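Text of coords.tsv (TSV, C-alpha atoms) as supplied:
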```tsv
chain	number	residue	atom	x	y	z
A	1	MET	CA	13.07	-46.95	-20.90
A	2	ASP	CA	10.66	-44.06	-21.42
A	3	GLU	CA	12.28	-40.82	-20.24
A	4	THR	CA	9.15	-38.73	-20.74
A	5	MET	CA	7.43	-37.25	-17.69
A	6	ASP	CA	4.07	-38.64	-16.64
A	7	ALA	CA	1.39	-36.03	-17.37
A	8	ASP	CA	-0.17	-36.63	-13.94
A	9	GLU	CA	3.11	-36.15	-12.09
A	10	PRO	CA	3.14	-32.83	-10.18
A	11	VAL	CA	5.65	-30.23	-11.30
A	12	GLU	CA	7.68	-28.83	-8.44
A	13	TYR	CA	7.71	-25.03	-8.41
A	14	GLN	CA	11.15	-23.45	-8.27
A	15	TRP	CA	11.09	-20.37	-6.04
A	16	PRO	CA	13.56	-17.72	-7.16
A	17	ARG	CA	16.76	-17.73	-5.15
A	18	PRO	CA	17.48	-14.25	-3.76
A	19	PRO	CA	20.76	-12.58	-4.66
A	20	GLN	CA	23.35	-12.38	-1.89
A	21	ASP	CA	22.66	-8.67	-1.34
A	22	GLY	CA	18.89	-9.02	-1.75
A	23	TYR	CA	16.55	-7.95	-4.53
A	24	THR	CA	16.30	-4.45	-5.98
A	25	VAL	CA	13.29	-2.58	-7.34
A	26	ASP	CA	14.50	-3.47	-10.84
A	27	ASP	CA	14.03	-7.14	-9.91
A	28	LEU	CA	10.56	-6.36	-8.59
A	29	PHE	CA	9.48	-5.31	-12.09
A	30	THR	CA	11.40	-7.91	-14.11
A	31	LEU	CA	11.24	-11.23	-12.22
A	32	PRO	CA	8.83	-13.54	-14.05
A	33	GLU	CA	5.61	-14.83	-12.48
A	34	LEU	CA	5.66	-12.76	-9.29
A	35	PRO	CA	2.23	-12.63	-7.67
A	36	SER	CA	0.36	-9.37	-8.06
A	37	ARG	CA	0.72	-7.00	-5.10
A	38	THR	CA	4.28	-8.16	-4.39
A	39	GLU	CA	6.26	-5.60	-2.40
A	40	LEU	CA	9.98	-5.18	-1.75
A	41	ILE	CA	11.07	-4.42	1.81
A	42	ASP	CA	14.78	-4.12	2.58
A	43	GLY	CA	15.65	-6.25	-0.42
A	44	SER	CA	13.17	-9.05	0.40
A	45	LEU	CA	10.07	-9.90	-1.62
A	46	VAL	CA	6.83	-9.83	0.40
A	47	PHE	CA	3.72	-11.51	-1.01
A	48	ALA	CA	0.28	-10.28	0.07
A	49	SER	CA	-2.32	-12.76	1.26
A	50	PRO	CA	-5.84	-12.78	-0.24
A	51	GLN	CA	-7.87	-9.81	0.99
A	52	HIS	CA	-10.76	-9.93	3.44
A	53	MET	CA	-14.06	-8.27	2.52
A	54	PHE	CA	-13.45	-5.51	5.13
A	55	HIS	CA	-10.20	-4.56	3.43
A	56	SER	CA	-11.72	-4.43	-0.05
A	57	VAL	CA	-14.80	-2.44	1.00
A	58	VAL	CA	-12.82	0.10	3.04
A	59	VAL	CA	-10.38	0.70	0.18
A	60	ASP	CA	-13.36	1.33	-2.15
A	61	LEU	CA	-14.87	3.76	0.38
A	62	LEU	CA	-11.61	5.69	0.79
A	63	VAL	CA	-10.88	5.89	-2.93
A	64	SER	CA	-14.36	7.26	-3.70
A	65	GLY	CA	-14.19	9.68	-0.75
A	66	VAL	CA	-10.74	10.99	-1.61
A	67	ARG	CA	-11.75	11.46	-5.26
A	68	ARG	CA	-14.83	13.51	-4.39
A	69	ASP	CA	-13.03	16.84	-3.83
A	70	LEU	CA	-9.76	15.96	-5.51
A	71	PRO	CA	-7.94	19.02	-6.94
A	72	ALA	CA	-7.33	18.87	-10.69
A	73	ASP	CA	-3.55	18.61	-10.26
A	74	LEU	CA	-3.77	15.42	-8.14
A	75	LYS	CA	-4.68	11.79	-8.84
A	76	VAL	CA	-5.68	8.78	-6.74
A	77	THR	CA	-4.34	5.26	-7.27
A	78	ARG	CA	-4.66	1.95	-5.47
A	79	ASN	CA	-2.02	-0.76	-5.01
A	80	MET	CA	0.56	0.96	-7.22
A	81	THR	CA	4.21	0.54	-6.31
A	82	VAL	CA	5.94	3.56	-4.78
A	83	VAL	CA	9.72	3.34	-5.12
A	84	LEU	CA	11.28	4.59	-1.89
A	85	ASP	CA	14.85	3.60	-2.75
A	86	SER	CA	16.67	0.82	-4.63
A	87	ARG	CA	15.74	-1.83	-2.01
A	88	ASN	CA	12.21	-0.74	-1.09
A	89	GLY	CA	9.13	-0.67	-3.29
A	90	LEU	CA	5.85	-0.55	-1.36
A	91	ALA	CA	2.29	-0.56	-2.70
A	92	PRO	CA	-0.02	1.53	-0.49
A	93	ASP	CA	-3.67	0.50	-0.57
A	94	VAL	CA	-4.48	4.09	-1.60
A	95	SER	CA	-2.16	6.87	-2.77
A	96	VAL	CA	-2.72	10.51	-3.64
A	97	LEU	CA	-0.06	11.87	-5.97
A	98	HIS	CA	0.77	14.70	-8.34
A	99	ALA	CA	-1.02	14.21	-11.66
A	100	SER	CA	2.19	15.23	-13.42
A	101	ALA	CA	3.80	11.98	-12.18
A	102	ILE	CA	1.55	9.88	-14.42
A	103	THR	CA	3.33	9.06	-17.67
A	104	GLY	CA	0.92	6.64	-19.36
A	105	PRO	CA	-1.17	3.45	-19.11
A	106	ASP	CA	1.85	1.13	-18.92
A	107	GLN	CA	3.38	2.88	-15.91
A	108	MET	CA	4.14	0.48	-13.03
A	109	SER	CA	5.45	2.73	-10.27
A	110	PHE	CA	5.82	6.21	-8.84
A	111	ARG	CA	8.60	7.94	-6.93
A	112	ALA	CA	8.15	8.75	-3.25
A	113	GLU	CA	8.48	12.48	-3.98
A	114	ASP	CA	5.38	12.26	-6.21
A	115	VAL	CA	3.18	11.00	-3.37
A	116	LEU	CA	1.31	13.30	-0.95
A	117	LEU	CA	-0.67	10.65	0.95
A	118	ALA	CA	-0.16	6.94	1.52
A	119	VAL	CA	-2.92	4.84	3.11
A	120	GLU	CA	-2.63	1.33	4.56
A	121	VAL	CA	-5.67	-0.70	5.61
A	122	VAL	CA	-4.36	-3.12	8.23
A	123	SER	CA	-4.78	-6.81	7.43
A	124	PRO	CA	-4.18	-9.74	9.81
A	125	ASP	CA	-1.17	-10.92	7.79
A	126	SER	CA	0.44	-7.47	7.65
A	127	GLU	CA	-0.24	-5.88	11.05
A	128	SER	CA	3.41	-5.33	11.95
A	129	ARG	CA	4.33	-4.02	8.51
A	130	ASP	CA	1.33	-1.67	8.34
A	131	ARG	CA	1.80	-0.32	11.88
A	132	THR	CA	5.58	0.05	12.06
A	133	THR	CA	7.68	-0.89	9.03
A	134	LYS	CA	5.73	0.88	6.30
A	135	PRO	CA	5.03	4.18	8.08
A	136	GLN	CA	8.67	4.43	9.12
A	137	LYS	CA	9.76	3.93	5.52
A	138	TYR	CA	7.15	6.31	4.09
A	139	ALA	CA	8.24	8.97	6.58
A	140	ALA	CA	11.95	8.47	5.87
A	141	ALA	CA	11.19	8.85	2.16
A	142	GLY	CA	9.44	12.19	2.84
A	143	ILE	CA	5.80	11.29	2.09
A	144	PRO	CA	4.01	14.09	3.97
A	145	ASN	CA	0.77	12.34	4.98
A	146	PHE	CA	-0.07	8.81	6.12
A	147	TRP	CA	-3.32	7.15	7.22
A	148	ARG	CA	-3.46	3.80	8.99
A	149	VAL	CA	-6.92	2.23	8.94
A	150	GLU	CA	-7.91	-0.33	11.57
A	151	ARG	CA	-11.13	-2.17	12.39
A	152	GLY	CA	-13.31	-0.51	15.03
A	153	GLY	CA	-14.55	-2.22	18.17
A	154	ASP	CA	-17.33	-4.14	16.45
A	155	GLY	CA	-15.02	-5.16	13.60
A	156	SER	CA	-17.14	-3.68	10.82
A	157	GLU	CA	-16.44	0.06	10.82
A	158	PRO	CA	-13.08	1.64	9.99
A	159	VAL	CA	-11.05	3.76	12.39
A	160	VAL	CA	-8.55	6.07	10.69
A	161	HIS	CA	-5.31	7.11	12.40
A	162	VAL	CA	-4.10	10.32	10.74
A	163	TYR	CA	-0.39	11.19	10.65
A	164	GLU	CA	1.57	14.16	9.31
A	165	LEU	CA	5.29	14.26	8.66
A	166	ASP	CA	7.58	16.30	10.89
A	167	PRO	CA	10.15	17.47	8.32
A	168	LEU	CA	12.86	17.97	10.96
A	169	THR	CA	12.73	14.47	12.46
A	170	LYS	CA	11.51	12.69	9.29
A	171	ALA	CA	8.96	10.92	11.51
A	172	TYR	CA	5.18	10.96	11.55
A	173	VAL	CA	3.23	12.82	14.23
A	174	HIS	CA	-0.12	11.26	15.21
A	175	MET	CA	-2.77	13.92	14.54
A	176	GLY	CA	-5.72	11.94	15.85
A	177	MET	CA	-7.98	8.94	15.49
A	178	GLN	CA	-11.21	9.45	13.56
A	179	ARG	CA	-14.38	7.35	13.64
A	180	GLU	CA	-17.64	7.73	11.73
A	181	GLN	CA	-16.51	10.95	10.01
A	182	LEU	CA	-13.05	11.52	8.58
A	183	LYS	CA	-12.21	15.20	8.22
A	184	VAL	CA	-8.71	16.46	7.39
A	185	GLY	CA	-7.13	19.54	5.83
A	186	LYS	CA	-4.07	17.85	4.34
A	187	PRO	CA	-3.06	17.06	1.67
A	188	TYR	CA	-6.28	18.97	0.85
A	189	ALA	CA	-9.72	19.29	2.45
A	190	ILE	CA	-11.22	15.79	2.63
A	191	GLU	CA	-14.41	14.63	4.32
A	192	ILE	CA	-15.49	10.99	4.23
A	193	ASP	CA	-18.50	9.42	5.94
A	194	LEU	CA	-16.89	6.29	7.36
A	195	THR	CA	-20.30	4.82	8.23
A	196	GLY	CA	-20.83	4.58	4.47
A	197	VAL	CA	-18.89	1.33	4.56
A	198	ASP	CA	-22.21	-0.39	5.31
A	199	GLU	CA	-23.66	0.81	2.01
A	200	LEU	CA	-20.95	-0.65	-0.25
```

Reformat the file's structure so that it appears as structure tokens.
Amino acid sequence: MDETMDADEPVEYQWPRPPQDGYTVDDLFTLPELPSRTELIDGSLVFASPQHMFHSVVVDLLVSGVRRDLPADLKVTRNMTVVLDSRNGLAPDVSVLHASAITGPDQMSFRAEDVLLAVEVVSPDSESRDRTTKPQKYAAAGIPNFWRVERGGDGSEPVVHVYELDPLTKAYVHMGMQREQLKVGKPYAIEIDLTGVDEL
């Protein structure tokens, strides 16, 4: 009897079995074949769904806008893991961080204390995480500024909710909702024409 497997027979994928106490950030960087943009929340792996065009275009707009007047001692990244603690590694859509935190081209993560701004563009599959879970964790980790970006009324233009950290309560304070023109003074003076999303 031939014991060999038929070449046309589907191979069943074996999902990794989580440890009893959950995964750690070390696992996040060492487990084989994890999808890109995998995050770790409270010891559980979270896989991102494919992005919509709105998400991709808005991230491009924000990255180019934030870079425009970026001080020399800061850098902008997208979708890079920020290690909040041993059981939480989140990947903001856009981050502004201290340039001194960058160690080289093979770097895979940053520490929360290196980050001055975290930005999440809300997606249908991550609404709850982007609106509640992630900002709570960013605030608890001491990241001083957070933007949550939603779709406007017509669904095509971004609306940016701006938050600043209250250091006493370790919670974010909503500083306003901005449409068409984003203008903030922290973490540095930034102005972005949000209507420019139509030109990308």

Handout entry: Distance query Leu34 of chain A at most 12 Å, only C-alpha atoms, self and fewer than 4 positions along chain excluded, as an MDAnalysis selection string
Key = chainID A and resid 15:16 27:30 38:40 45:48

Can you list, as a short mmCIF file (atom, residue, chain, number, x, y, z; two decimals) with C-alpha atoms, keeping the file's coordinate frame, every protein, DNA or RNA residue that comes within 8 Å of Val58 of chain A when you count only C-alpha atoms, leaving out same-chain residues fewer than 3 positions away?
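Writing the result to out.cif gives the following:
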```cif
data_model
loop_
_atom_site.label_atom_id
_atom_site.label_comp_id
_atom_site.auth_asym_id
_atom_site.auth_seq_id
_atom_site.Cartn_x
_atom_site.Cartn_y
_atom_site.Cartn_z
CA PHE A 54 -13.45 -5.51 5.13
CA HIS A 55 -10.20 -4.56 3.43
CA LEU A 61 -14.87 3.76 0.38
CA LEU A 62 -11.61 5.69 0.79
CA VAL A 121 -5.67 -0.70 5.61
CA PRO A 158 -13.08 1.64 9.99
CA VAL A 197 -18.89 1.33 4.56
#
```

Set the distance at 8 Å and use all atoms listed in the file: which residues neighbour Gln136 of chain A once local chain neighbours fewer than 3 positions away are removed? I'd like the list as a PDB file with C-alpha atoms, in the frame of the given file.
```
ATOM      1  CA  THR A 132       5.580   0.050  12.060  1.00  0.00           C
ATOM      2  CA  THR A 133       7.680  -0.890   9.030  1.00  0.00           C
ATOM      3  CA  ALA A 139       8.240   8.970   6.580  1.00  0.00           C
ATOM      4  CA  ALA A 140      11.950   8.470   5.870  1.00  0.00           C
ATOM      5  CA  ALA A 171       8.960  10.920  11.510  1.00  0.00           C
ATOM      6  CA  TYR A 172       5.180  10.960  11.550  1.00  0.00           C
TER       7      TYR A 172
END
```

Using 3 Å of padding on each side, determine the axis-aligned box around all atoms of segment 30-44 of chain A present in the file and give its centre and edge lengths in Å to one decimal, as AutoDock Vina command-line options.
```
--center_x 8.0 --center_y -9.5 --center_z -5.8 --size_x 21.3 --size_y 16.7 --size_z 22.7
```

Residues near Val66 of chain A, cut-off 10 Å, only C-alpha atoms, skip fewer than 6 positions along chain, as a PDB file with C-alpha atoms, keeping the file's coordinate frame:
```pdb
ATOM      1  CA  LYS A  75      -4.680  11.790  -8.840  1.00  0.00           C
ATOM      2  CA  VAL A  76      -5.680   8.780  -6.740  1.00  0.00           C
ATOM      3  CA  VAL A  94      -4.480   4.090  -1.600  1.00  0.00           C
ATOM      4  CA  SER A  95      -2.160   6.870  -2.770  1.00  0.00           C
ATOM      5  CA  VAL A  96      -2.720  10.510  -3.640  1.00  0.00           C
ATOM      6  CA  TYR A 188      -6.280  18.970   0.850  1.00  0.00           C
ATOM      7  CA  ALA A 189      -9.720  19.290   2.450  1.00  0.00           C
ATOM      8  CA  ILE A 190     -11.220  15.790   2.630  1.00  0.00           C
ATOM      9  CA  GLU A 191     -14.410  14.630   4.320  1.00  0.00           C
ATOM     10  CA  ILE A 192     -15.490  10.990   4.230  1.00  0.00           C
TER      11      ILE A 192
END
```

As a PDB file with C-alpha atoms, in the frame of the given file, please: the residues near Arg87 of chain A (cut-off 6 Å, all atoms listed in the file, same-chain neighbours under 3 positions excluded).
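Listed below is the output, selection01.pdb:
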```pdb
ATOM      1  CA  THR A  24      16.300  -4.450  -5.980  1.00  0.00           C
ATOM      2  CA  VAL A  25      13.290  -2.580  -7.340  1.00  0.00           C
ATOM      3  CA  ASP A  42      14.780  -4.120   2.580  1.00  0.00           C
ATOM      4  CA  GLY A  43      15.650  -6.250  -0.420  1.00  0.00           C
TER       5      GLY A  43
END
```

Exercise for the section: Would you please work out which residue, of A:Asp193, A:Gly155, A:Lys186, A:Trp147, is nearest to His174 of chain A when using all atoms listed in the file? Expected result: A:Trp147

Problem - Straight-line distance linking atom CA of Ile143 of chain A with atom CA of Gly104 of chain A, stated in Å to one decimal - result: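 Between these atoms lies a distance of 22.5 Å.
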
Practice task
Can you work out the spacing between atom CA of Met177 of chain A and atom CA of Glu164 of chain A in Å, to one decimal?
Solution key: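 Atom-to-atom, atom CA of Met177 of chain A to atom CA of Glu164 of chain A, that is 12.5 Å.
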
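Of the listed residues (A:Arg131, A:His98, A:Arg111, A:Arg17), A:Arg131 comes nearest to Glu150 of chain A; the distances count only C-alpha atoms.
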
Exercise for the section: Could you jot down the atom CA of Ile102 of chain A to atom CA of Ser56 of chain A separation for me, Å, one decimal place? Expected result: 24.2 Å

Completion exercise
Using only C-alpha atoms, the shortest atom-to-atom distance to Asp198 of chain A among A:Ser86, A:Gln178, A:Ala112, A:Asp60 belongs to A:Asp60

Handout entry: Counting all atoms listed in the file, the option among A:Pro144, A:Gly89, A:Pro187, A:Gly196 closest to Met108 of chain A
Key = A:Gly89

For segment 13-97 of chain A of the structure just presented, write C-alpha atoms to a file, as a PDB file, in the first residue's frame.
```pdb
ATOM      1  CA  TYR A  13      -3.078  24.228   8.297  1.00  0.00           C
ATOM      2  CA  GLN A  14      -2.133  23.840  11.945  1.00  0.00           C
ATOM      3  CA  TRP A  15      -2.903  27.044  13.848  1.00  0.00           C
ATOM      4  CA  PRO A  16      -0.511  27.638  16.722  1.00  0.00           C
ATOM      5  CA  ARG A  17      -1.929  26.634  20.077  1.00  0.00           C
ATOM      6  CA  PRO A  18      -1.683  29.522  22.558  1.00  0.00           C
ATOM      7  CA  PRO A  19       0.226  28.974  25.790  1.00  0.00           C
ATOM      8  CA  GLN A  20      -1.877  28.667  28.942  1.00  0.00           C
ATOM      9  CA  ASP A  21      -0.961  32.196  30.051  1.00  0.00           C
ATOM     10  CA  GLY A  22      -1.199  33.672  26.550  1.00  0.00           C
ATOM     11  CA  TYR A  23       1.454  34.882  24.142  1.00  0.00           C
ATOM     12  CA  THR A  24       4.159  37.429  24.924  1.00  0.00           C
ATOM     13  CA  VAL A  25       5.774  40.052  22.708  1.00  0.00           C
ATOM     14  CA  ASP A  26       8.730  37.681  22.313  1.00  0.00           C
ATOM     15  CA  ASP A  27       6.342  35.202  20.672  1.00  0.00           C
ATOM     16  CA  LEU A  28       5.023  37.970  18.420  1.00  0.00           C
ATOM     17  CA  PHE A  29       8.482  38.316  16.866  1.00  0.00           C
ATOM     18  CA  THR A  30       9.501  34.646  16.820  1.00  0.00           C
ATOM     19  CA  LEU A  31       6.424  32.583  15.883  1.00  0.00           C
ATOM     20  CA  PRO A  32       6.829  31.363  12.297  1.00  0.00           C
ATOM     21  CA  GLU A  33       4.483  32.384   9.482  1.00  0.00           C
ATOM     22  CA  LEU A  34       2.449  34.987  11.358  1.00  0.00           C
ATOM     23  CA  PRO A  35       0.598  37.287   8.962  1.00  0.00           C
ATOM     24  CA  SER A  36       2.043  40.754   8.584  1.00  0.00           C
ATOM     25  CA  ARG A  37       0.372  43.382  10.783  1.00  0.00           C
ATOM     26  CA  THR A  38      -0.294  40.868  13.570  1.00  0.00           C
ATOM     27  CA  GLU A  39      -0.806  42.557  16.937  1.00  0.00           C
ATOM     28  CA  LEU A  40      -0.759  41.239  20.495  1.00  0.00           C
ATOM     29  CA  ILE A  41      -3.536  42.371  22.834  1.00  0.00           C
ATOM     30  CA  ASP A  42      -3.642  40.991  26.370  1.00  0.00           C
ATOM     31  CA  GLY A  43      -1.685  37.932  25.318  1.00  0.00           C
ATOM     32  CA  SER A  44      -3.878  37.137  22.291  1.00  0.00           C
ATOM     33  CA  LEU A  45      -2.787  37.387  18.664  1.00  0.00           C
ATOM     34  CA  VAL A  46      -4.986  39.658  16.528  1.00  0.00           C
ATOM     35  CA  PHE A  47      -4.782  39.427  12.734  1.00  0.00           C
ATOM     36  CA  ALA A  48      -5.698  42.459  10.622  1.00  0.00           C
ATOM     37  CA  SER A  49      -8.105  42.089   7.725  1.00  0.00           C
ATOM     38  CA  PRO A  50      -7.200  43.389   4.247  1.00  0.00           C
ATOM     39  CA  GLN A  51      -7.365  47.184   4.102  1.00  0.00           C
ATOM     40  CA  HIS A  52      -9.990  49.254   2.326  1.00  0.00           C
ATOM     41  CA  MET A  53      -8.897  51.981  -0.096  1.00  0.00           C
ATOM     42  CA  PHE A  54     -10.065  54.693   2.361  1.00  0.00           C
ATOM     43  CA  HIS A  55      -7.726  53.347   5.028  1.00  0.00           C
ATOM     44  CA  SER A  56      -4.720  53.178   2.722  1.00  0.00           C
ATOM     45  CA  VAL A  57      -5.251  56.649   1.218  1.00  0.00           C
ATOM     46  CA  VAL A  58      -5.818  58.329   4.595  1.00  0.00           C
ATOM     47  CA  VAL A  59      -2.671  56.759   6.062  1.00  0.00           C
ATOM     48  CA  ASP A  60      -0.689  58.066   3.056  1.00  0.00           C
ATOM     49  CA  LEU A  61      -2.175  61.549   3.540  1.00  0.00           C
ATOM     50  CA  LEU A  62      -1.357  61.616   7.263  1.00  0.00           C
ATOM     51  CA  VAL A  63       2.185  60.315   6.834  1.00  0.00           C
ATOM     52  CA  SER A  64       3.005  62.934   4.183  1.00  0.00           C
ATOM     53  CA  GLY A  65       1.336  65.689   6.230  1.00  0.00           C
ATOM     54  CA  VAL A  66       3.080  64.783   9.469  1.00  0.00           C
ATOM     55  CA  ARG A  67       6.449  64.597   7.684  1.00  0.00           C
ATOM     56  CA  ARG A  68       6.100  68.055   6.153  1.00  0.00           C
ATOM     57  CA  ASP A  69       7.177  70.036   9.248  1.00  0.00           C
ATOM     58  CA  LEU A  70       8.753  67.191  11.182  1.00  0.00           C
ATOM     59  CA  PRO A  71      11.513  68.348  13.573  1.00  0.00           C
ATOM     60  CA  ALA A  72      14.925  66.813  12.885  1.00  0.00           C
ATOM     61  CA  ASP A  73      14.901  64.849  16.152  1.00  0.00           C
ATOM     62  CA  LEU A  74      11.662  62.990  15.292  1.00  0.00           C
ATOM     63  CA  LYS A  75      10.712  60.275  12.791  1.00  0.00           C
ATOM     64  CA  VAL A  76       7.461  58.943  11.323  1.00  0.00           C
ATOM     65  CA  THR A  77       6.677  55.249  10.861  1.00  0.00           C
ATOM     66  CA  ARG A  78       3.666  53.244   9.759  1.00  0.00           C
ATOM     67  CA  ASN A  79       2.476  49.860  11.048  1.00  0.00           C
ATOM     68  CA  MET A  80       5.501  49.326  13.295  1.00  0.00           C
ATOM     69  CA  THR A  81       4.962  47.427  16.532  1.00  0.00           C
ATOM     70  CA  VAL A  82       5.027  49.474  19.726  1.00  0.00           C
ATOM     71  CA  VAL A  83       5.720  47.313  22.772  1.00  0.00           C
ATOM     72  CA  LEU A  84       3.495  48.506  25.616  1.00  0.00           C
ATOM     73  CA  ASP A  85       4.325  45.663  28.009  1.00  0.00           C
ATOM     74  CA  SER A  86       5.122  41.946  27.841  1.00  0.00           C
ATOM     75  CA  ARG A  87       1.563  41.018  26.749  1.00  0.00           C
ATOM     76  CA  ASN A  88       0.724  43.943  24.454  1.00  0.00           C
ATOM     77  CA  GLY A  89       2.362  44.884  21.164  1.00  0.00           C
ATOM     78  CA  LEU A  90       0.246  47.189  18.995  1.00  0.00           C
ATOM     79  CA  ALA A  91       1.011  48.562  15.529  1.00  0.00           C
ATOM     80  CA  PRO A  92      -0.437  52.070  15.082  1.00  0.00           C
ATOM     81  CA  ASP A  93      -1.235  53.026  11.507  1.00  0.00           C
ATOM     82  CA  VAL A  94       1.054  56.041  11.983  1.00  0.00           C
ATOM     83  CA  SER A  95       3.532  56.811  14.766  1.00  0.00           C
ATOM     84  CA  VAL A  96       5.729  59.795  15.531  1.00  0.00           C
ATOM     85  CA  LEU A  97       8.725  58.888  17.659  1.00  0.00           C
TER      86      LEU A  97
END
```
